[in-house]
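For reference, entry15.cif (mmCIF, C-alpha atoms):
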data_entry
loop_
_atom_site.label_atom_id
_atom_site.label_comp_id
_atom_site.auth_asym_id
_atom_site.auth_seq_id
_atom_site.Cartn_x
_atom_site.Cartn_y
_atom_site.Cartn_z
CA MET V 275 37.04 -36.68 46.71
CA ILE V 276 33.80 -37.95 48.23
CA PHE V 277 32.64 -34.35 48.51
CA LEU V 278 33.30 -33.68 44.81
CA ARG V 279 31.67 -36.89 43.58
CA ALA V 280 28.56 -36.33 45.69
CA ALA V 281 28.19 -32.75 44.48
CA GLN V 282 28.71 -33.66 40.80
CA ARG V 283 26.17 -36.48 40.98
CA GLU V 284 23.61 -34.26 42.70
CA PHE V 285 24.03 -31.46 40.15
CA ALA V 286 23.79 -33.79 37.16
CA GLN V 287 20.63 -35.55 38.33
CA THR V 288 18.85 -32.31 39.18
CA ALA V 289 19.94 -30.63 35.93
CA ALA V 290 18.62 -33.54 33.83
CA ALA V 291 15.20 -33.37 35.50
CA VAL V 292 15.00 -29.57 35.25
CA PHE V 293 16.08 -29.53 31.59
CA VAL V 294 13.52 -32.16 30.58
CA ALA V 295 10.74 -30.22 32.27
CA LEU V 296 11.74 -26.84 30.81
CA PHE V 297 12.37 -28.27 27.34
CA ALA V 298 8.96 -29.98 27.35
CA ILE V 299 7.30 -26.67 28.28
CA LEU V 300 9.20 -24.88 25.51
CA LEU V 301 8.27 -27.43 22.85
CA THR V 302 4.62 -27.46 23.97
CA THR V 303 4.20 -23.68 23.85
CA GLN V 304 5.99 -23.38 20.50
CA LEU V 305 4.01 -26.28 19.02
CA ILE V 306 0.70 -24.74 20.10
CA ARG V 307 1.68 -21.42 18.51
CA LEU V 308 2.81 -23.03 15.24
CA LEU V 309 -0.28 -25.24 15.02
CA GLY V 310 -2.42 -22.14 15.47
CA GLN V 311 -0.59 -20.45 12.60
CA ALA V 312 -0.97 -23.57 10.45
CA ALA V 313 -4.69 -23.72 11.18
CA GLY V 314 -5.01 -20.08 10.16
CA GLY V 315 -3.20 -20.70 6.88
CA ARG V 316 -0.19 -18.52 7.69
CA ILE V 317 2.18 -21.48 7.48
CA THR V 318 1.82 -24.93 5.97
CA SER V 319 1.40 -28.06 8.05
CA GLU V 320 4.61 -29.60 6.71
CA ALA V 321 6.59 -26.58 7.94
CA VAL V 322 5.63 -27.06 11.59
CA ALA V 323 8.35 -29.60 12.41
CA ALA V 324 11.15 -27.59 10.78
CA LEU V 325 10.10 -24.32 12.42
CA LEU V 326 9.79 -26.09 15.77
CA GLY V 327 13.37 -27.31 15.48
CA PHE V 328 14.69 -23.86 14.57
CA ALA V 329 12.81 -22.31 17.52
CA ALA V 330 14.25 -24.90 19.91
CA LEU V 331 17.81 -24.11 18.79
CA ASN V 332 17.16 -20.40 19.21
CA TYR V 333 15.90 -20.70 22.79
CA LEU V 334 18.40 -23.33 23.97
CA PRO V 335 21.05 -20.88 25.31
CA VAL V 336 18.61 -19.19 27.69
CA LEU V 337 17.04 -22.55 28.56
CA LEU V 338 20.41 -24.07 29.48
CA SER V 339 21.35 -21.01 31.53
CA LEU V 340 18.15 -21.29 33.53
CA THR V 341 18.64 -25.05 33.91
CA LEU V 342 22.15 -24.57 35.26
CA PHE V 343 21.04 -21.95 37.76
CA ILE V 344 18.02 -23.90 39.02
CA ALA V 345 19.91 -27.21 39.23
CA ILE V 346 22.69 -25.80 41.44
CA LEU V 347 20.20 -23.81 43.50
CA LEU V 348 17.91 -26.77 44.19
CA SER V 349 20.78 -29.15 44.91
CA LEU V 350 22.43 -26.89 47.47
CA SER V 351 19.08 -25.94 49.00
CA ARG V 352 18.39 -29.62 49.63
CA VAL V 353 21.81 -29.93 51.30
CA TYR V 354 20.84 -27.11 53.65
CA ARG V 355 17.37 -28.51 54.37
CA ASP V 356 18.68 -31.98 55.20
CA SER V 357 21.37 -30.46 57.47
CA GLU V 358 24.12 -31.95 55.32
CA MET V 359 25.71 -28.53 54.99
CA ALA V 360 26.19 -28.42 58.75
CA ILE V 361 28.03 -31.74 58.53
CA TRP V 362 30.31 -30.41 55.79
CA PHE V 363 30.97 -27.27 57.84
CA SER V 364 31.81 -29.43 60.85
CA ALA V 365 34.27 -31.38 58.68
CA GLY V 366 36.07 -28.14 57.84
CA VAL V 367 34.57 -27.61 54.36
CA PRO V 368 33.79 -23.88 53.97
CA LEU V 369 31.18 -22.43 51.66
CA THR V 370 33.83 -21.34 49.17
CA ALA V 371 34.82 -24.99 48.71
CA TRP V 372 31.56 -25.46 46.75
CA MET V 373 32.94 -23.24 44.01
CA ARG V 374 35.18 -26.04 42.75
CA PRO V 375 32.44 -28.64 42.07
CA VAL V 376 30.12 -25.93 40.78
CA LEU V 377 32.72 -24.70 38.29
CA ARG V 378 33.61 -28.24 37.21
CA PHE V 379 29.95 -28.89 36.52
CA ALA V 380 29.13 -25.47 35.02
CA LEU V 381 32.07 -24.83 32.69
CA PRO V 382 31.20 -27.53 30.09
CA ILE V 383 27.58 -26.32 30.03
CA VAL V 384 28.72 -22.69 29.72
CA LEU V 385 30.91 -23.72 26.78
CA VAL V 386 27.88 -25.33 25.09
CA ILE V 387 25.85 -22.17 25.78
CA ALA V 388 28.58 -20.04 24.19
CA VAL V 389 28.64 -22.19 21.04
CA LEU V 390 24.85 -22.04 20.80
CA ALA V 391 24.63 -18.28 21.40
CA LEU V 392 27.53 -17.31 19.12
CA PHE V 393 26.99 -19.73 16.23
CA LEU V 394 24.00 -22.09 16.25
CA SER V 395 21.23 -19.69 17.31
CA PRO V 396 21.93 -17.10 14.56
CA TRP V 397 22.28 -19.97 12.06
CA ALA V 398 18.88 -21.31 13.13
CA LEU V 399 17.26 -17.88 12.79
CA GLY V 400 18.77 -17.43 9.31
CA LYS V 401 17.63 -20.86 8.15
CA ARG V 402 14.18 -20.23 9.57
CA ALA V 403 13.89 -16.97 7.62
CA GLU V 404 15.06 -18.71 4.41
CA TYR V 405 12.60 -21.56 4.93
CA GLN V 406 9.66 -19.22 5.55
CA ASP V 407 10.59 -17.15 2.50
CA ARG V 408 10.76 -20.28 0.34
CA MET V 409 7.38 -21.41 1.61
CA ASP V 410 5.87 -17.96 0.97
CA GLN V 411 7.07 -17.95 -2.65
CA ARG V 412 5.27 -21.14 -3.60
CA ASP V 413 2.58 -20.84 -6.23
CA ASP V 414 -1.13 -21.25 -5.53
CA VAL V 415 -1.32 -24.90 -6.56
CA ALA V 416 1.62 -25.82 -4.35
CA ARG V 417 -0.20 -24.20 -1.43
CA VAL V 418 -3.26 -26.39 -1.93
CA SER V 419 -3.85 -29.18 0.57
CA PRO V 420 -6.05 -31.99 -0.80
CA GLY V 421 -9.48 -32.00 0.77
CA ALA V 422 -9.24 -28.45 2.20
CA PHE V 423 -10.20 -24.98 0.98
CA LYS V 424 -7.16 -22.74 0.53
CA GLU V 425 -6.94 -19.06 -0.35
CA SER V 426 -4.48 -17.83 -2.96
CA ALA V 427 -1.53 -15.61 -2.11
CA ARG V 428 -3.37 -12.46 -3.29
CA GLY V 429 -6.63 -13.44 -1.59
CA ASP V 430 -8.73 -13.24 -4.78
CA ARG V 431 -9.18 -17.00 -5.31
CA VAL V 432 -10.22 -20.00 -3.26
CA PHE V 433 -9.04 -23.46 -4.33
CA PHE V 434 -10.32 -26.90 -3.48
CA VAL V 435 -8.93 -30.10 -4.98
CA GLU V 436 -9.57 -33.70 -4.13
CA SER V 437 -6.02 -34.90 -4.89
CA VAL V 438 -2.69 -33.57 -6.15
CA ALA V 439 0.06 -35.70 -7.70
CA ASP V 440 3.22 -35.29 -9.77
CA GLN V 441 3.02 -37.64 -12.74
CA ASP V 442 6.22 -38.43 -14.65
CA GLY V 443 7.63 -34.95 -14.08
CA GLN V 444 4.87 -33.34 -16.20
CA GLY V 445 3.71 -31.07 -13.42
CA ASP V 446 1.09 -31.26 -10.71
CA GLN V 447 -1.99 -33.29 -11.70
CA VAL V 448 -5.15 -32.29 -9.86
CA LYS V 449 -8.52 -34.04 -9.80
CA ASN V 450 -11.99 -32.74 -9.03
CA ILE V 451 -10.89 -29.14 -8.72
CA PHE V 452 -13.05 -26.22 -7.57
CA ILE V 453 -12.01 -22.56 -7.99
CA ASN V 454 -13.90 -19.52 -6.74
CA SER V 455 -12.54 -16.21 -8.08
CA MET V 456 -13.47 -12.54 -8.35
CA GLN V 457 -12.47 -10.76 -11.56
CA HIS V 458 -13.57 -7.29 -12.70
CA GLY V 459 -16.45 -7.27 -10.23
CA ARG V 460 -17.83 -10.59 -11.44
CA LEU V 461 -17.93 -13.71 -9.33
CA GLY V 462 -16.79 -16.85 -11.11
CA VAL V 463 -17.01 -20.44 -9.97
CA MET V 464 -15.28 -23.21 -11.92
CA ALA V 465 -15.50 -26.95 -11.45
CA ALA V 466 -13.56 -29.49 -13.48
CA ALA V 467 -12.92 -33.21 -13.31
CA GLN V 468 -9.17 -32.85 -13.69
CA GLY V 469 -6.38 -30.46 -14.54
CA HIS V 470 -2.65 -29.99 -14.64
CA THR V 471 -0.02 -27.27 -14.56
CA GLU V 472 1.89 -25.99 -17.59
CA VAL V 473 4.77 -23.54 -18.01
CA ALA V 474 4.63 -21.17 -20.99
CA ALA V 475 7.62 -20.20 -23.12
CA ASN V 476 7.96 -16.87 -21.25
CA GLY V 477 8.10 -18.66 -17.90
CA ASP V 478 4.51 -17.97 -16.80
CA LYS V 479 2.83 -20.85 -15.03
CA PHE V 480 -0.77 -21.86 -15.78
CA ILE V 481 -3.23 -24.33 -14.38
CA VAL V 482 -5.13 -25.99 -17.22
CA LEU V 483 -8.59 -27.36 -16.43
CA THR V 484 -10.25 -29.91 -18.71
CA GLN V 485 -13.88 -30.95 -19.10
CA GLY V 486 -15.47 -28.49 -16.72
CA ARG V 487 -17.98 -25.71 -16.25
CA ARG V 488 -17.78 -22.05 -15.27
CA TYR V 489 -20.58 -20.21 -13.48
CA GLU V 490 -20.31 -16.42 -13.68
CA ALA V 491 -22.48 -13.68 -12.18
CA GLU V 492 -22.31 -10.13 -10.88
CA ALA V 493 -22.21 -9.69 -7.12
CA GLY V 494 -25.77 -9.38 -5.77
CA ALA V 495 -27.44 -10.20 -9.11
CA ALA V 496 -29.81 -13.13 -9.57
CA GLU V 497 -28.80 -13.86 -13.16
CA TYR V 498 -25.73 -15.91 -13.99
CA ARG V 499 -24.13 -17.55 -16.98
CA VAL V 500 -23.07 -21.15 -17.37
CA MET V 501 -20.26 -22.05 -19.75
CA GLU V 502 -18.87 -25.47 -20.52
CA PHE V 503 -15.28 -25.83 -21.65
CA ALA V 504 -13.01 -28.59 -22.81
CA ARG V 505 -9.87 -26.69 -21.82
CA TYR V 506 -9.47 -23.62 -19.65
CA ALA V 507 -6.08 -22.09 -18.73
CA MET V 508 -5.69 -19.82 -15.71
CA ARG V 509 -2.44 -18.06 -14.87
CA ILE V 510 -1.08 -18.86 -11.44
CA GLU V 511 0.12 -15.94 -9.40
CA THR V 512 3.54 -16.38 -7.77
CA ARG V 513 5.15 -14.08 -5.31
CA GLU V 514 8.14 -12.19 -6.53
CA ASN V 515 11.49 -13.26 -5.24
CA ARG V 516 12.61 -10.90 -2.54
CA ASP V 517 15.75 -10.65 -0.52
CA ILE V 518 15.57 -11.74 3.09
CA ASP V 519 15.76 -8.80 5.48
CA ILE V 520 19.23 -8.68 7.00
CA SER V 521 18.67 -8.57 10.73
CA PRO V 522 21.48 -8.49 13.32
CA LYS V 523 19.92 -11.53 14.97
CA ARG V 524 20.55 -13.54 11.77
CA MET V 525 24.07 -12.29 11.15
CA THR V 526 27.03 -14.44 12.04
CA THR V 527 29.24 -13.41 14.93
CA TRP V 528 32.07 -12.60 12.54
CA GLU V 529 29.78 -10.27 10.56
CA LEU V 530 28.76 -8.57 13.80
CA LEU V 531 32.41 -7.99 14.69
CA LEU V 532 33.00 -6.32 11.32
CA ASP V 533 29.83 -4.20 11.52
CA ALA V 534 30.14 -1.11 13.71
CA SER V 535 26.44 -0.16 13.66
CA PRO V 536 24.70 0.21 17.05
CA ALA V 537 22.20 -2.56 16.27
CA SER V 538 24.99 -5.04 15.52
CA ARG V 539 26.88 -4.01 18.64
CA GLY V 540 23.77 -4.56 20.73
CA GLU V 541 23.29 -8.05 19.32
CA LEU V 542 26.98 -8.85 19.90
CA LEU V 543 26.63 -7.70 23.51
CA TRP V 544 23.72 -10.11 23.99
CA ARG V 545 25.58 -13.08 22.50
CA ILE V 546 28.61 -12.46 24.68
CA GLY V 547 26.47 -11.80 27.72
CA VAL V 548 24.50 -15.05 27.65
CA PRO V 549 27.41 -17.41 28.54
CA LEU V 550 28.90 -14.86 30.96
CA SER V 551 25.56 -14.54 32.75
CA ALA V 552 25.23 -18.34 32.90
CA LEU V 553 28.61 -18.63 34.66
CA THR V 554 27.83 -15.78 37.06
CA LEU V 555 24.42 -17.25 37.89
CA ALA V 556 25.98 -20.63 38.61
CA LEU V 557 28.24 -19.00 41.22
CA LEU V 558 25.39 -16.84 42.55
CA ALA V 559 23.40 -20.00 43.26
CA ILE V 560 25.90 -20.96 45.99
CA PRO V 561 25.13 -18.15 48.47
CA LEU V 562 21.50 -17.85 47.30
CA SER V 563 20.82 -21.49 48.14
CA PHE V 564 20.99 -20.89 51.90
CA VAL V 565 17.94 -22.30 53.65
CA ASN V 566 17.16 -22.22 57.34
CA PRO V 567 15.69 -25.67 58.09
CA ARG V 568 13.50 -24.14 60.78
CA ALA V 569 12.16 -21.36 58.54
CA GLY V 570 10.20 -21.30 55.30
CA ARG V 571 11.62 -23.08 52.26
CA THR V 572 10.38 -20.71 49.57
CA ASN V 573 11.96 -17.42 50.60
CA ASN V 574 15.36 -18.17 49.09
CA LEU V 575 13.80 -19.55 45.91
CA LEU V 576 11.75 -16.41 45.40
CA PHE V 577 14.80 -14.24 45.99
CA ALA V 578 16.87 -16.36 43.60
CA LEU V 579 14.26 -16.17 40.83
CA LEU V 580 14.01 -12.41 41.40
CA THR V 581 17.80 -12.19 41.01
CA PHE V 582 17.63 -14.14 37.74
CA MET V 583 14.89 -11.87 36.39
CA ILE V 584 16.77 -8.72 37.37
CA TYR V 585 19.96 -10.01 35.74
CA SER V 586 18.15 -10.92 32.50
CA ASN V 587 16.29 -7.63 32.36
CA LEU V 588 19.45 -5.60 32.99
CA LEU V 589 21.16 -7.50 30.18
CA SER V 590 18.24 -6.78 27.86
CA VAL V 591 18.20 -3.10 28.84
CA SER V 592 21.93 -2.75 28.19
CA GLN V 593 21.47 -4.42 24.81
CA ALA V 594 18.66 -2.03 23.92
CA TRP V 595 20.66 1.02 25.03
CA VAL V 596 23.68 -0.03 22.98
CA ALA V 597 21.45 -0.72 19.95
CA GLN V 598 19.90 2.75 20.34
CA GLY V 599 23.28 4.43 20.72
CA ARG V 600 22.56 5.59 24.27
CA LEU V 601 25.32 3.48 25.85
CA PRO V 602 28.81 2.75 24.46
CA PHE V 603 29.47 -0.88 23.67
CA GLU V 604 32.75 -0.79 25.61
CA ILE V 605 30.80 -0.01 28.80
CA GLY V 606 27.64 -2.03 28.22
CA VAL V 607 29.50 -5.27 27.51
CA TRP V 608 30.84 -5.53 31.09
CA ALA V 609 28.80 -3.13 33.26
CA VAL V 610 25.94 -5.50 34.13
CA HIS V 611 28.25 -8.45 34.74
CA LEU V 612 30.48 -6.35 37.00
CA LEU V 613 27.43 -5.27 39.01
CA MET V 614 26.33 -8.89 39.47
CA PHE V 615 29.89 -9.96 40.33
CA ILE V 616 29.97 -7.34 43.11
CA THR V 617 26.62 -8.70 44.31
CA LEU V 618 28.16 -12.18 44.27
CA LEU V 619 31.06 -11.05 46.45
CA LEU V 620 28.70 -9.33 48.91
CA LEU V 621 26.53 -12.44 49.23
CA PHE V 622 29.58 -14.63 49.80
CA TRP V 623 30.88 -12.18 52.39
CA LYS V 624 27.54 -12.28 54.21
CA ARG V 625 27.38 -16.07 54.23
CA LEU V 626 31.02 -16.43 55.26
CA ALA V 627 30.45 -13.97 58.12
CA VAL V 628 27.57 -16.12 59.34
CA PHE V 629 29.77 -19.20 59.00
CA SER V 630 32.54 -17.55 61.06
CA VAL V 631 30.11 -16.63 63.82
CA TRP V 632 28.82 -20.21 63.82
CA ARG V 633 32.33 -21.62 64.18
CA ILE V 634 33.15 -19.22 67.02
CA TRP V 635 29.96 -20.29 68.80
CA ARG V 636 30.99 -23.94 68.35
#

Rewrite the structure from the file as structure tokens, please.
Amino acid sequence: MIFLRAAQREFAQTAAAVFVALFAILLTTQLIRLLGQAAGGRITSEAVAALLGFAALNYLPVLLSLTLFIAILLSLSRVYRDSEMAIWFSAGVPLTAWMRPVLRFALPIVLVIAVLALFLSPWALGKRAEYQDRMDQRDDVARVSPGAFKESARGDRVFFVESVADQDGQGDQVKNIFINSMQHGRLGVMAAAQGHTEVAANGDKFIVLTQGRRYEAEAGAAEYRVMEFARYAMRIETRENRDIDISPKRMTTWELLLDASPASRGELLWRIGVPLSALTLALLAIPLSFVNPRAGRTNNLLFALLTFMIYSNLLSVSQAWVAQGRLPFEIGVWAVHLLMFITLLLLFWKRLAVFSVWRIWR
């Protein structure tokens, strides 16, 4: 009982520290990428938080798998370095006895990984695609940020407004608006004190400027015309509604089961493989955590990380081969895991052989 409690406490503390560090790195890298896209005008600033949340849900299964593997590996490596493992061996606790606390700690996390990989991650990807599509279909005025120059969806206009407000449901009210446009080879610049949006009977949307001026000239010419207007209506271009591309990554698990296409089978293989690989890696961490206190401390860590990378890459390769039709799904879904399970048995056999020799020497 003392053995189980000590192992569970050690795993939990290490896993919490590892998860916080990895999750902070994930959020930082995703935030930097999204802020760069927002600065370039590809996404709006208000969409950063939502897209960051969807990205976090998408990467959580792999992040938790890596956390589980590293936590068990570091915990057992510390037990070896501090010679506690020798004490447990002397008390008659073999290496295989660590499988019980490892499984008790890993199974709830593997269950969470399975729920994330099978249900929440595809839901997050689908919602992200819907959100981006809804943001892309906004009209030009809705894209405008007060105090900043913004290009229209078609790239033929540049807007600048001092403020935007919705007054009594009558549409967006803009003040001190500036529009630079190119029409029929002529450059036009309009400035107005205020304006608002109107919807025509046929559904077309217009921005109506009041009390302003328009400066118009041909590109490269020195002459230009100045026109004053009391009211000027300009049609706002909106992107046509388009269906969201149906990708296997955004399909539900039930839809993947009903779809027999190679791409869907490859995605289903990946979703099933993520929790299975997390459980296998948790058990692999037991023999891989061996550390000789008199030797270097980094050799086993490098070998363990190499094992994780090989496992992940083999899983990705099998997914790609199934998606391309080069490998049957019935073989690809278990082949990589069987190979790693055989590796697990060989590593346990090696460590147990060393343990037997040590006991005979004692």

Among the residues V:Leu369, V:Met525, V:Leu557, V:Ala504, the one that comes closest to Ala398 of chain V [using all atoms listed in the file] = V:Met525

request  = Check what the PyMOL selection byres ((chain V and resi 527-534) around 12) selects in the file above and give those residues as a PyMOL selection string.
outcome  = chain V and resi 388-397+520-526+535-546+596-597+599+602-603

Contact residues around segment 277-283 of chain V with all atoms listed in the file at 8 Å, ignoring same-chain residues under 4 positions, as a ChimeraX atom specification = /V:287,375-376,379

inquiry  = Could you tell me how far atom CA of Val610 of chain V sits from atom CA of Ser592 of chain V, in Å to one decimal place?
reply    =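 That distance, rounded to one decimal, is 7.7 Å.
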
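One distance worth recording is that between atom CA of Leu613 of chain V and atom CA of Met359 of chain V, which is 28.3 Å.
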
key: Pairwise distance for atom CA of Phe423 of chain V and atom CA of Ser437 of chain V, rounded to one decimal in Å   = 12.3 Å

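Nearest residue to Ala578 of chain V, choosing from V:Val384, V:Leu348, V:Leu550, V:Val336 and counting all atoms listed in the file: V:Leu348.
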
Completion of segment 583-595 of chain V up to N, CA and C atoms, as a short mmCIF file (atom, residue, chain, number, x, y, z; two decimals), keeping the file's coordinate frame:
data_model
loop_
_atom_site.label_atom_id
_atom_site.label_comp_id
_atom_site.auth_asym_id
_atom_site.auth_seq_id
_atom_site.Cartn_x
_atom_site.Cartn_y
_atom_site.Cartn_z
N MET V 583 15.68 -12.78 37.21
CA MET V 583 14.89 -11.87 36.39
C MET V 583 15.55 -10.51 36.28
N ILE V 584 16.09 -10.01 37.40
CA ILE V 584 16.77 -8.72 37.37
C ILE V 584 17.99 -8.77 36.46
N TYR V 585 18.77 -9.84 36.57
CA TYR V 585 19.96 -10.01 35.74
C TYR V 585 19.58 -10.03 34.25
N SER V 586 18.57 -10.83 33.91
CA SER V 586 18.15 -10.92 32.50
C SER V 586 17.63 -9.60 31.98
N ASN V 587 16.85 -8.91 32.80
CA ASN V 587 16.29 -7.63 32.36
C ASN V 587 17.38 -6.57 32.21
N LEU V 588 18.35 -6.55 33.12
CA LEU V 588 19.45 -5.60 32.99
C LEU V 588 20.26 -5.87 31.73
N LEU V 589 20.44 -7.15 31.41
CA LEU V 589 21.16 -7.50 30.18
C LEU V 589 20.38 -7.05 28.95
N SER V 590 19.07 -7.22 28.98
CA SER V 590 18.24 -6.78 27.86
C SER V 590 18.23 -5.26 27.74
N VAL V 591 18.19 -4.57 28.87
CA VAL V 591 18.20 -3.10 28.84
C VAL V 591 19.52 -2.59 28.28
N SER V 592 20.63 -3.18 28.71
CA SER V 592 21.93 -2.75 28.19
C SER V 592 22.04 -3.03 26.70
N GLN V 593 21.48 -4.15 26.24
CA GLN V 593 21.47 -4.42 24.81
C GLN V 593 20.68 -3.37 24.05
N ALA V 594 19.50 -3.02 24.58
CA ALA V 594 18.66 -2.03 23.92
C ALA V 594 19.35 -0.66 23.90
N TRP V 595 19.99 -0.28 24.98
CA TRP V 595 20.66 1.02 25.03
C TRP V 595 21.83 1.08 24.05
#
